[in-house]
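With PDB, C-alpha atoms inside, this is target-v6.pdb:
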```pdb
MODEL        1
ATOM      1  CA  VAL W   1       0.000   0.000   0.000
ATOM      2  CA  GLN W   2       1.258   3.432  -0.919
ATOM      3  CA  LEU W   3      -0.145   6.888  -0.384
ATOM      4  CA  GLN W   4       1.250   9.626  -2.578
ATOM      5  CA  ALA W   5       0.523  13.158  -1.374
ATOM      6  CA  SER W   6       1.045  16.070  -3.720
ATOM      7  CA  GLY W   7      -0.064  19.610  -4.467
ATOM      8  CA  GLY W   8       1.763  21.590  -1.836
ATOM      9  CA  GLY W   9       3.537  24.818  -2.584
ATOM     10  CA  LEU W  10       3.922  28.476  -1.783
ATOM     11  CA  VAL W  11       0.830  30.672  -1.818
ATOM     12  CA  GLN W  12      -0.094  34.089  -0.526
ATOM     13  CA  ALA W  13      -2.578  34.535   2.288
ATOM     14  CA  GLY W  14      -6.095  34.340   0.945
ATOM     15  CA  GLY W  15      -5.064  32.011  -1.847
ATOM     16  CA  SER W  16      -5.971  28.410  -2.547
ATOM     17  CA  LEU W  17      -4.293  25.080  -3.038
ATOM     18  CA  ARG W  18      -5.579  21.603  -3.715
ATOM     19  CA  LEU W  19      -3.769  18.675  -2.188
ATOM     20  CA  SER W  20      -4.142  15.189  -3.593
ATOM     21  CA  CYS W  21      -3.566  11.822  -2.022
ATOM     22  CA  ALA W  22      -3.452   8.918  -4.423
ATOM     23  CA  ALA W  23      -3.795   5.475  -2.898
ATOM     24  CA  SER W  24      -2.424   2.328  -4.474
ATOM     25  CA  GLY W  25      -2.905  -1.136  -3.123
ATOM     26  CA  LEU W  26      -6.201  -0.230  -1.475
ATOM     27  CA  THR W  27      -9.652  -0.738  -2.912
ATOM     28  CA  SER W  28     -11.598   2.452  -3.189
ATOM     29  CA  SER W  29     -14.408   2.780  -0.595
ATOM     30  CA  THR W  30     -12.812   0.263   1.783
ATOM     31  CA  TYR W  31     -10.943   2.860   3.776
ATOM     32  CA  SER W  32     -11.295   6.271   5.331
ATOM     33  CA  MET W  33      -8.757   8.964   4.593
ATOM     34  CA  GLY W  34      -7.535  11.568   6.998
ATOM     35  CA  TRP W  35      -5.345  14.621   6.607
ATOM     36  CA  PHE W  36      -3.003  15.809   9.310
ATOM     37  CA  ARG W  37      -0.502  18.630   9.374
ATOM     38  CA  GLN W  38       2.615  19.504  11.287
ATOM     39  CA  ALA W  39       3.770  23.075  11.563
ATOM     40  CA  PRO W  40       7.384  23.897  12.413
ATOM     41  CA  GLY W  41       8.050  23.276  16.081
ATOM     42  CA  LYS W  42       4.574  21.910  16.717
ATOM     43  CA  GLU W  43       2.997  18.502  17.071
ATOM     44  CA  ARG W  44       1.108  16.960  14.217
ATOM     45  CA  GLU W  45      -2.596  17.747  14.322
ATOM     46  CA  PHE W  46      -5.752  16.478  12.702
ATOM     47  CA  VAL W  47      -7.160  18.507   9.823
ATOM     48  CA  ALA W  48      -9.997  16.588   8.165
ATOM     49  CA  ALA W  49     -11.244  13.125   7.269
ATOM     50  CA  ILE W  50     -13.518  11.531   4.718
ATOM     51  CA  SER W  51     -15.339   8.246   4.927
ATOM     52  CA  TRP W  52     -18.082   6.509   3.078
ATOM     53  CA  SER W  53     -21.584   5.265   3.738
ATOM     54  CA  GLY W  54     -22.652   3.356   0.676
ATOM     55  CA  SER W  55     -22.092   5.773  -2.184
ATOM     56  CA  ILE W  56     -22.179   8.852   0.041
ATOM     57  CA  SER W  57     -19.046  10.578   1.260
ATOM     58  CA  ILE W  58     -19.032  11.798   4.829
ATOM     59  CA  THR W  59     -16.514  14.374   5.901
ATOM     60  CA  TYR W  60     -15.400  15.951   9.135
ATOM     61  CA  SER W  61     -13.077  18.887   9.609
ATOM     62  CA  ALA W  62     -11.266  20.474  12.502
ATOM     63  CA  ASP W  63     -12.745  23.761  13.697
ATOM     64  CA  SER W  64      -9.663  25.649  12.541
ATOM     65  CA  VAL W  65     -10.351  24.796   8.889
ATOM     66  CA  LYS W  66     -14.133  24.506   8.754
ATOM     67  CA  GLY W  67     -15.609  26.602   6.015
ATOM     68  CA  ARG W  68     -12.227  26.889   4.280
ATOM     69  CA  PHE W  69     -11.089  23.321   3.590
ATOM     70  CA  THR W  70     -13.166  20.782   1.691
ATOM     71  CA  LEU W  71     -12.617  17.084   1.114
ATOM     72  CA  SER W  72     -13.681  15.157  -1.947
ATOM     73  CA  ARG W  73     -12.796  11.896  -3.625
ATOM     74  CA  ASN W  74     -12.495  10.363  -7.052
ATOM     75  CA  ASN W  75     -13.124   6.648  -6.808
ATOM     76  CA  ALA W  76     -12.015   5.985 -10.361
ATOM     77  CA  LYS W  77      -8.617   7.441  -9.554
ATOM     78  CA  ASN W  78      -8.606   6.193  -5.966
ATOM     79  CA  THR W  79      -7.654   9.698  -4.932
ATOM     80  CA  VAL W  80      -8.783  12.035  -2.171
ATOM     81  CA  TYR W  81      -8.523  15.800  -2.528
ATOM     82  CA  LEU W  82      -8.186  18.490   0.100
ATOM     83  CA  GLN W  83      -9.263  21.806  -1.339
ATOM     84  CA  MET W  84      -7.872  24.596   0.795
ATOM     85  CA  ASN W  85      -9.286  28.087   0.318
ATOM     86  CA  ASN W  86      -8.668  31.380   2.077
ATOM     87  CA  LEU W  87      -5.352  30.109   3.322
ATOM     88  CA  LYS W  88      -3.747  31.783   6.303
ATOM     89  CA  PRO W  89      -0.108  31.938   7.406
ATOM     90  CA  GLU W  90      -0.990  29.654  10.316
ATOM     91  CA  ASP W  91      -1.914  26.951   7.781
ATOM     92  CA  THR W  92       1.774  26.654   6.924
ATOM     93  CA  ALA W  93       2.759  23.048   7.618
ATOM     94  CA  VAL W  94       3.673  19.726   6.136
ATOM     95  CA  TYR W  95       0.419  18.002   5.266
ATOM     96  CA  TYR W  96       0.117  14.239   5.529
ATOM     97  CA  CYS W  97      -2.597  11.949   4.274
ATOM     98  CA  ALA W  98      -3.335   8.707   6.063
ATOM     99  CA  ALA W  99      -5.624   5.770   5.376
ATOM    100  CA  ALA W 100      -7.571   3.698   7.885
ATOM    101  CA  LYS W 101      -8.386   0.384   6.287
ATOM    102  CA  GLY W 102     -11.775  -1.070   7.071
ATOM    103  CA  ARG W 103     -12.981   1.963   9.040
ATOM    104  CA  LEU W 104     -15.940   3.358   7.183
ATOM    105  CA  GLN W 105     -17.710   5.472   9.762
ATOM    106  CA  ILE W 106     -16.697   8.820  11.125
ATOM    107  CA  GLY W 107     -16.094   8.670  14.845
ATOM    108  CA  ASP W 108     -13.802   9.872  17.579
ATOM    109  CA  TRP W 109     -11.064   7.689  16.155
ATOM    110  CA  ILE W 110     -10.486   9.944  13.145
ATOM    111  CA  ARG W 111      -8.306  12.268  15.225
ATOM    112  CA  ARG W 112      -6.107   9.479  16.550
ATOM    113  CA  GLU W 113      -2.978   8.850  14.533
ATOM    114  CA  PRO W 114      -2.525   5.228  15.729
ATOM    115  CA  ASP W 115      -5.892   4.360  14.173
ATOM    116  CA  TYR W 116      -4.501   4.976  10.701
ATOM    117  CA  ASP W 117      -2.702   2.141   8.985
ATOM    118  CA  TYR W 118      -0.859   3.878   6.169
ATOM    119  CA  TRP W 119       0.722   7.307   5.781
ATOM    120  CA  GLY W 120       1.851   9.378   2.858
ATOM    121  CA  GLN W 121       5.191  11.143   2.745
ATOM    122  CA  GLY W 122       3.853  14.654   3.333
ATOM    123  CA  THR W 123       3.647  17.729   1.170
ATOM    124  CA  LEU W 124       4.732  21.196   2.277
ATOM    125  CA  VAL W 125       2.295  24.088   2.235
ATOM    126  CA  THR W 126       3.711  27.541   2.854
ATOM    127  CA  VAL W 127       1.400  30.522   3.180
ATOM    128  CA  SER W 128       3.024  33.924   3.066
ATOM    129  CA  SER W 129       1.474  36.991   4.674
TER     130      SER W 129
ENDMDL
END
```

Translate the structure of the given file into structure tokens.
Amino acid sequence: VQLQASGGGLVQAGGSLRLSCAASGLTSSTYSMGWFRQAPGKEREFVAAISWSGSISITYSADSVKGRFTLSRNNAKNTVYLQMNNLKPEDTAVYYCAAAKGRLQIGDWIRREPDYDYWGQGTLVTVSS
């Protein structure tokens, strides 16, 4: 199983970026995907997660990004996207995607790193003021 995160870069405050996480070795809709981030000198924190109920995607976001970040998925490409709008300097971090195999319902677990089985390599997002 491999998770390939991409899409990071340098953007001005107020701008947008779209991160992608392509999963290989996992069957689409059999896992939930979470995004975490780690800012310089800080611990890694939960950002958002997406799961599935039948054909419906269910998402959950941390309060710090609600209304600005949106998750979506493309089953055909087995890829999850994190659309980040109205970026702020405090969003600067390395963003990691992670997959939880077999967990298909949003719950308290989505914030817990040990509950994820696979991790991507991280992609750097830098927001300038």

6 Å contact set for region 65-79 of chain W, only C-alpha atoms, chain neighbours under 3 positions out, as a PDB file with C-alpha atoms, keeping the file's coordinate frame:
```
ATOM      1  CA  CYS W  21      -3.566  11.822  -2.022  1.00  0.00           C
ATOM      2  CA  ALA W  22      -3.452   8.918  -4.423  1.00  0.00           C
ATOM      3  CA  ALA W  23      -3.795   5.475  -2.898  1.00  0.00           C
ATOM      4  CA  SER W  28     -11.598   2.452  -3.189  1.00  0.00           C
ATOM      5  CA  SER W  61     -13.077  18.887   9.609  1.00  0.00           C
ATOM      6  CA  ALA W  62     -11.266  20.474  12.502  1.00  0.00           C
ATOM      7  CA  LEU W  82      -8.186  18.490   0.100  1.00  0.00           C
ATOM      8  CA  GLN W  83      -9.263  21.806  -1.339  1.00  0.00           C
ATOM      9  CA  MET W  84      -7.872  24.596   0.795  1.00  0.00           C
ATOM     10  CA  ASN W  85      -9.286  28.087   0.318  1.00  0.00           C
TER      11      ASN W  85
END
```

Please put the answer as lines of an AutoDock Vina configuration file: centre and edge lengths, in Å with one decimal, of a box along x, y and z that encloses all listed atoms of region 107-126 of chain W plus 3 Å on each side.
```
center_x = -5.5
center_y = 14.8
center_z = 9.4
size_x = 27.3
size_y = 31.4
size_z = 22.4
```

(Q) Please return as a PyMOL selection string every residue within 12 Å of (-11.1, 8.3, 8.1), taking into account only C-alpha atoms and the file's own coordinates. (A) chain W and resi 29-36+46-53+57-61+71+80+97-118

Q.
Under the PyMOL selection byres ((chain W and resi 88) around 8), which residues of this model are included? Write them out as a list of chain:residue names.
A.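 Matching residues under the PyMOL selection byres ((chain W and resi 88) around 8) are W:Ala13, W:Gly14, W:Asn86, W:Leu87, W:Pro89, W:Glu90, W:Asp91, W:Thr92, W:Val127, W:Ser128, W:Ser129.
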
Q.
To one decimal place in Å, what is the distance between CA of Ser64 (chain W) and CA of Gly41 (chain W)?
A. 18.2 Å

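Nearest to Gln4 (chain W) of all the residues W:Gln38, W:Ser20, W:Thr27, W:Ser55 is W:Ser20, counting only C-alpha atoms.
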
From the block you just saw, export region 7-44 of chain W: N, CA, C and O atoms, as a PDB file, in the first residue's frame.
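Saved result, decode-v3.pdb, follows:
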```pdb
ATOM      1  N   GLY W   7       0.709  18.391  -4.317  1.00  0.00           N
ATOM      2  CA  GLY W   7      -0.064  19.610  -4.467  1.00  0.00           C
ATOM      3  C   GLY W   7       0.365  20.751  -3.565  1.00  0.00           C
ATOM      4  O   GLY W   7      -0.178  21.853  -3.673  1.00  0.00           O
ATOM      5  N   GLY W   8       1.305  20.515  -2.697  1.00  0.00           N
ATOM      6  CA  GLY W   8       1.763  21.590  -1.836  1.00  0.00           C
ATOM      7  C   GLY W   8       2.534  22.641  -2.608  1.00  0.00           C
ATOM      8  O   GLY W   8       2.875  22.451  -3.779  1.00  0.00           O
ATOM      9  N   GLY W   9       2.799  23.746  -1.939  1.00  0.00           N
ATOM     10  CA  GLY W   9       3.537  24.818  -2.584  1.00  0.00           C
ATOM     11  C   GLY W   9       3.475  26.087  -1.778  1.00  0.00           C
ATOM     12  O   GLY W   9       3.046  26.087  -0.616  1.00  0.00           O
ATOM     13  N   LEU W  10       3.914  27.156  -2.407  1.00  0.00           N
ATOM     14  CA  LEU W  10       3.922  28.476  -1.783  1.00  0.00           C
ATOM     15  C   LEU W  10       2.747  29.291  -2.314  1.00  0.00           C
ATOM     16  O   LEU W  10       2.564  29.378  -3.539  1.00  0.00           O
ATOM     17  N   VAL W  11       1.988  29.880  -1.417  1.00  0.00           N
ATOM     18  CA  VAL W  11       0.830  30.672  -1.818  1.00  0.00           C
ATOM     19  C   VAL W  11       0.692  31.861  -0.869  1.00  0.00           C
ATOM     20  O   VAL W  11       1.110  31.792   0.293  1.00  0.00           O
ATOM     21  N   GLN W  12       0.146  32.924  -1.362  1.00  0.00           N
ATOM     22  CA  GLN W  12      -0.094  34.089  -0.526  1.00  0.00           C
ATOM     23  C   GLN W  12      -1.347  33.889   0.326  1.00  0.00           C
ATOM     24  O   GLN W  12      -2.255  33.137  -0.056  1.00  0.00           O
ATOM     25  N   ALA W  13      -1.397  34.590   1.434  1.00  0.00           N
ATOM     26  CA  ALA W  13      -2.578  34.535   2.288  1.00  0.00           C
ATOM     27  C   ALA W  13      -3.814  34.900   1.476  1.00  0.00           C
ATOM     28  O   ALA W  13      -3.781  35.833   0.665  1.00  0.00           O
ATOM     29  N   GLY W  14      -4.867  34.147   1.699  1.00  0.00           N
ATOM     30  CA  GLY W  14      -6.095  34.340   0.945  1.00  0.00           C
ATOM     31  C   GLY W  14      -6.184  33.470  -0.294  1.00  0.00           C
ATOM     32  O   GLY W  14      -7.249  33.381  -0.921  1.00  0.00           O
ATOM     33  N   GLY W  15      -5.099  32.848  -0.657  1.00  0.00           N
ATOM     34  CA  GLY W  15      -5.064  32.011  -1.847  1.00  0.00           C
ATOM     35  C   GLY W  15      -5.569  30.611  -1.585  1.00  0.00           C
ATOM     36  O   GLY W  15      -6.034  30.283  -0.485  1.00  0.00           O
ATOM     37  N   SER W  16      -5.453  29.774  -2.613  1.00  0.00           N
ATOM     38  CA  SER W  16      -5.971  28.410  -2.547  1.00  0.00           C
ATOM     39  C   SER W  16      -4.944  27.408  -3.052  1.00  0.00           C
ATOM     40  O   SER W  16      -4.099  27.733  -3.884  1.00  0.00           O
ATOM     41  N   LEU W  17      -5.066  26.213  -2.553  1.00  0.00           N
ATOM     42  CA  LEU W  17      -4.293  25.080  -3.038  1.00  0.00           C
ATOM     43  C   LEU W  17      -5.174  23.843  -2.957  1.00  0.00           C
ATOM     44  O   LEU W  17      -6.078  23.773  -2.108  1.00  0.00           O
ATOM     45  N   ARG W  18      -4.887  22.875  -3.809  1.00  0.00           N
ATOM     46  CA  ARG W  18      -5.579  21.603  -3.715  1.00  0.00           C
ATOM     47  C   ARG W  18      -4.559  20.493  -3.540  1.00  0.00           C
ATOM     48  O   ARG W  18      -3.709  20.289  -4.417  1.00  0.00           O
ATOM     49  N   LEU W  19      -4.642  19.813  -2.439  1.00  0.00           N
ATOM     50  CA  LEU W  19      -3.769  18.675  -2.188  1.00  0.00           C
ATOM     51  C   LEU W  19      -4.449  17.407  -2.678  1.00  0.00           C
ATOM     52  O   LEU W  19      -5.665  17.272  -2.606  1.00  0.00           O
ATOM     53  N   SER W  20      -3.641  16.480  -3.141  1.00  0.00           N
ATOM     54  CA  SER W  20      -4.142  15.189  -3.593  1.00  0.00           C
ATOM     55  C   SER W  20      -3.444  14.086  -2.823  1.00  0.00           C
ATOM     56  O   SER W  20      -2.278  14.212  -2.445  1.00  0.00           O
ATOM     57  N   CYS W  21      -4.168  13.005  -2.619  1.00  0.00           N
ATOM     58  CA  CYS W  21      -3.566  11.822  -2.022  1.00  0.00           C
ATOM     59  C   CYS W  21      -4.041  10.619  -2.822  1.00  0.00           C
ATOM     60  O   CYS W  21      -5.218  10.248  -2.764  1.00  0.00           O
ATOM     61  N   ALA W  22      -3.131  10.063  -3.589  1.00  0.00           N
ATOM     62  CA  ALA W  22      -3.452   8.918  -4.423  1.00  0.00           C
ATOM     63  C   ALA W  22      -3.072   7.631  -3.697  1.00  0.00           C
ATOM     64  O   ALA W  22      -1.932   7.489  -3.240  1.00  0.00           O
ATOM     65  N   ALA W  23      -4.022   6.732  -3.602  1.00  0.00           N
ATOM     66  CA  ALA W  23      -3.795   5.475  -2.898  1.00  0.00           C
ATOM     67  C   ALA W  23      -3.619   4.339  -3.892  1.00  0.00           C
ATOM     68  O   ALA W  23      -4.395   4.206  -4.835  1.00  0.00           O
ATOM     69  N   SER W  24      -2.617   3.540  -3.676  1.00  0.00           N
ATOM     70  CA  SER W  24      -2.424   2.328  -4.474  1.00  0.00           C
ATOM     71  C   SER W  24      -2.332   1.143  -3.531  1.00  0.00           C
ATOM     72  O   SER W  24      -1.791   1.252  -2.434  1.00  0.00           O
ATOM     73  N   GLY W  25      -2.909   0.047  -3.976  1.00  0.00           N
ATOM     74  CA  GLY W  25      -2.905  -1.136  -3.123  1.00  0.00           C
ATOM     75  C   GLY W  25      -4.088  -1.219  -2.196  1.00  0.00           C
ATOM     76  O   GLY W  25      -4.192  -2.165  -1.403  1.00  0.00           O
ATOM     77  N   LEU W  26      -4.977  -0.236  -2.266  1.00  0.00           N
ATOM     78  CA  LEU W  26      -6.201  -0.230  -1.475  1.00  0.00           C
ATOM     79  C   LEU W  26      -7.386  -0.123  -2.414  1.00  0.00           C
ATOM     80  O   LEU W  26      -7.333   0.625  -3.389  1.00  0.00           O
ATOM     81  N   THR W  27      -8.444  -0.837  -2.105  1.00  0.00           N
ATOM     82  CA  THR W  27      -9.652  -0.738  -2.912  1.00  0.00           C
ATOM     83  C   THR W  27     -10.457   0.468  -2.469  1.00  0.00           C
ATOM     84  O   THR W  27     -10.725   0.650  -1.280  1.00  0.00           O
ATOM     85  N   SER W  28     -10.819   1.266  -3.479  1.00  0.00           N
ATOM     86  CA  SER W  28     -11.598   2.452  -3.189  1.00  0.00           C
ATOM     87  C   SER W  28     -12.853   2.088  -2.421  1.00  0.00           C
ATOM     88  O   SER W  28     -13.487   1.079  -2.675  1.00  0.00           O
ATOM     89  N   SER W  29     -13.231   2.902  -1.457  1.00  0.00           N
ATOM     90  CA  SER W  29     -14.408   2.780  -0.595  1.00  0.00           C
ATOM     91  C   SER W  29     -14.230   1.747   0.510  1.00  0.00           C
ATOM     92  O   SER W  29     -15.179   1.440   1.238  1.00  0.00           O
ATOM     93  N   THR W  30     -13.059   1.193   0.667  1.00  0.00           N
ATOM     94  CA  THR W  30     -12.812   0.263   1.783  1.00  0.00           C
ATOM     95  C   THR W  30     -11.973   0.896   2.880  1.00  0.00           C
ATOM     96  O   THR W  30     -11.543   0.214   3.810  1.00  0.00           O
ATOM     97  N   TYR W  31     -11.746   2.192   2.770  1.00  0.00           N
ATOM     98  CA  TYR W  31     -10.943   2.860   3.776  1.00  0.00           C
ATOM     99  C   TYR W  31     -11.420   4.289   3.958  1.00  0.00           C
ATOM    100  O   TYR W  31     -12.044   4.872   3.089  1.00  0.00           O
ATOM    101  N   SER W  32     -11.111   4.846   5.089  1.00  0.00           N
ATOM    102  CA  SER W  32     -11.295   6.271   5.331  1.00  0.00           C
ATOM    103  C   SER W  32      -9.944   6.955   5.181  1.00  0.00           C
ATOM    104  O   SER W  32      -8.898   6.344   5.405  1.00  0.00           O
ATOM    105  N   MET W  33      -9.994   8.208   4.795  1.00  0.00           N
ATOM    106  CA  MET W  33      -8.757   8.964   4.593  1.00  0.00           C
ATOM    107  C   MET W  33      -8.764  10.187   5.492  1.00  0.00           C
ATOM    108  O   MET W  33      -9.761  10.917   5.557  1.00  0.00           O
ATOM    109  N   GLY W  34      -7.672  10.383   6.165  1.00  0.00           N
ATOM    110  CA  GLY W  34      -7.535  11.568   6.998  1.00  0.00           C
ATOM    111  C   GLY W  34      -6.371  12.420   6.528  1.00  0.00           C
ATOM    112  O   GLY W  34      -5.456  11.935   5.861  1.00  0.00           O
ATOM    113  N   TRP W  35      -6.452  13.690   6.851  1.00  0.00           N
ATOM    114  CA  TRP W  35      -5.345  14.621   6.607  1.00  0.00           C
ATOM    115  C   TRP W  35      -4.893  15.186   7.947  1.00  0.00           C
ATOM    116  O   TRP W  35      -5.727  15.580   8.773  1.00  0.00           O
ATOM    117  N   PHE W  36      -3.608  15.223   8.130  1.00  0.00           N
ATOM    118  CA  PHE W  36      -3.003  15.809   9.310  1.00  0.00           C
ATOM    119  C   PHE W  36      -1.974  16.822   8.841  1.00  0.00           C
ATOM    120  O   PHE W  36      -1.545  16.807   7.678  1.00  0.00           O
ATOM    121  N   ARG W  37      -1.540  17.675   9.725  1.00  0.00           N
ATOM    122  CA  ARG W  37      -0.502  18.630   9.374  1.00  0.00           C
ATOM    123  C   ARG W  37       0.411  18.863  10.570  1.00  0.00           C
ATOM    124  O   ARG W  37       0.002  18.727  11.715  1.00  0.00           O
ATOM    125  N   GLN W  38       1.640  19.212  10.242  1.00  0.00           N
ATOM    126  CA  GLN W  38       2.615  19.504  11.287  1.00  0.00           C
ATOM    127  C   GLN W  38       3.331  20.789  10.934  1.00  0.00           C
ATOM    128  O   GLN W  38       4.065  20.842   9.933  1.00  0.00           O
ATOM    129  N   ALA W  39       3.102  21.791  11.746  1.00  0.00           N
ATOM    130  CA  ALA W  39       3.770  23.075  11.563  1.00  0.00           C
ATOM    131  C   ALA W  39       5.137  23.021  12.232  1.00  0.00           C
ATOM    132  O   ALA W  39       5.363  22.215  13.139  1.00  0.00           O
ATOM    133  N   PRO W  40       6.045  23.884  11.815  1.00  0.00           N
ATOM    134  CA  PRO W  40       7.384  23.897  12.413  1.00  0.00           C
ATOM    135  C   PRO W  40       7.321  24.071  13.922  1.00  0.00           C
ATOM    136  O   PRO W  40       6.655  24.986  14.423  1.00  0.00           O
ATOM    137  N   GLY W  41       7.987  23.178  14.635  1.00  0.00           N
ATOM    138  CA  GLY W  41       8.050  23.276  16.081  1.00  0.00           C
ATOM    139  C   GLY W  41       6.800  22.854  16.812  1.00  0.00           C
ATOM    140  O   GLY W  41       6.713  23.015  18.032  1.00  0.00           O
ATOM    141  N   LYS W  42       5.836  22.316  16.081  1.00  0.00           N
ATOM    142  CA  LYS W  42       4.574  21.910  16.717  1.00  0.00           C
ATOM    143  C   LYS W  42       4.307  20.427  16.480  1.00  0.00           C
ATOM    144  O   LYS W  42       4.901  19.802  15.596  1.00  0.00           O
ATOM    145  N   GLU W  43       3.393  19.886  17.259  1.00  0.00           N
ATOM    146  CA  GLU W  43       2.997  18.502  17.071  1.00  0.00           C
ATOM    147  C   GLU W  43       2.053  18.388  15.878  1.00  0.00           C
ATOM    148  O   GLU W  43       1.376  19.349  15.491  1.00  0.00           O
ATOM    149  N   ARG W  44       2.011  17.213  15.340  1.00  0.00           N
ATOM    150  CA  ARG W  44       1.108  16.960  14.217  1.00  0.00           C
ATOM    151  C   ARG W  44      -0.328  17.004  14.722  1.00  0.00           C
ATOM    152  O   ARG W  44      -0.629  16.510  15.815  1.00  0.00           O
TER     153      ARG W  44
END
```
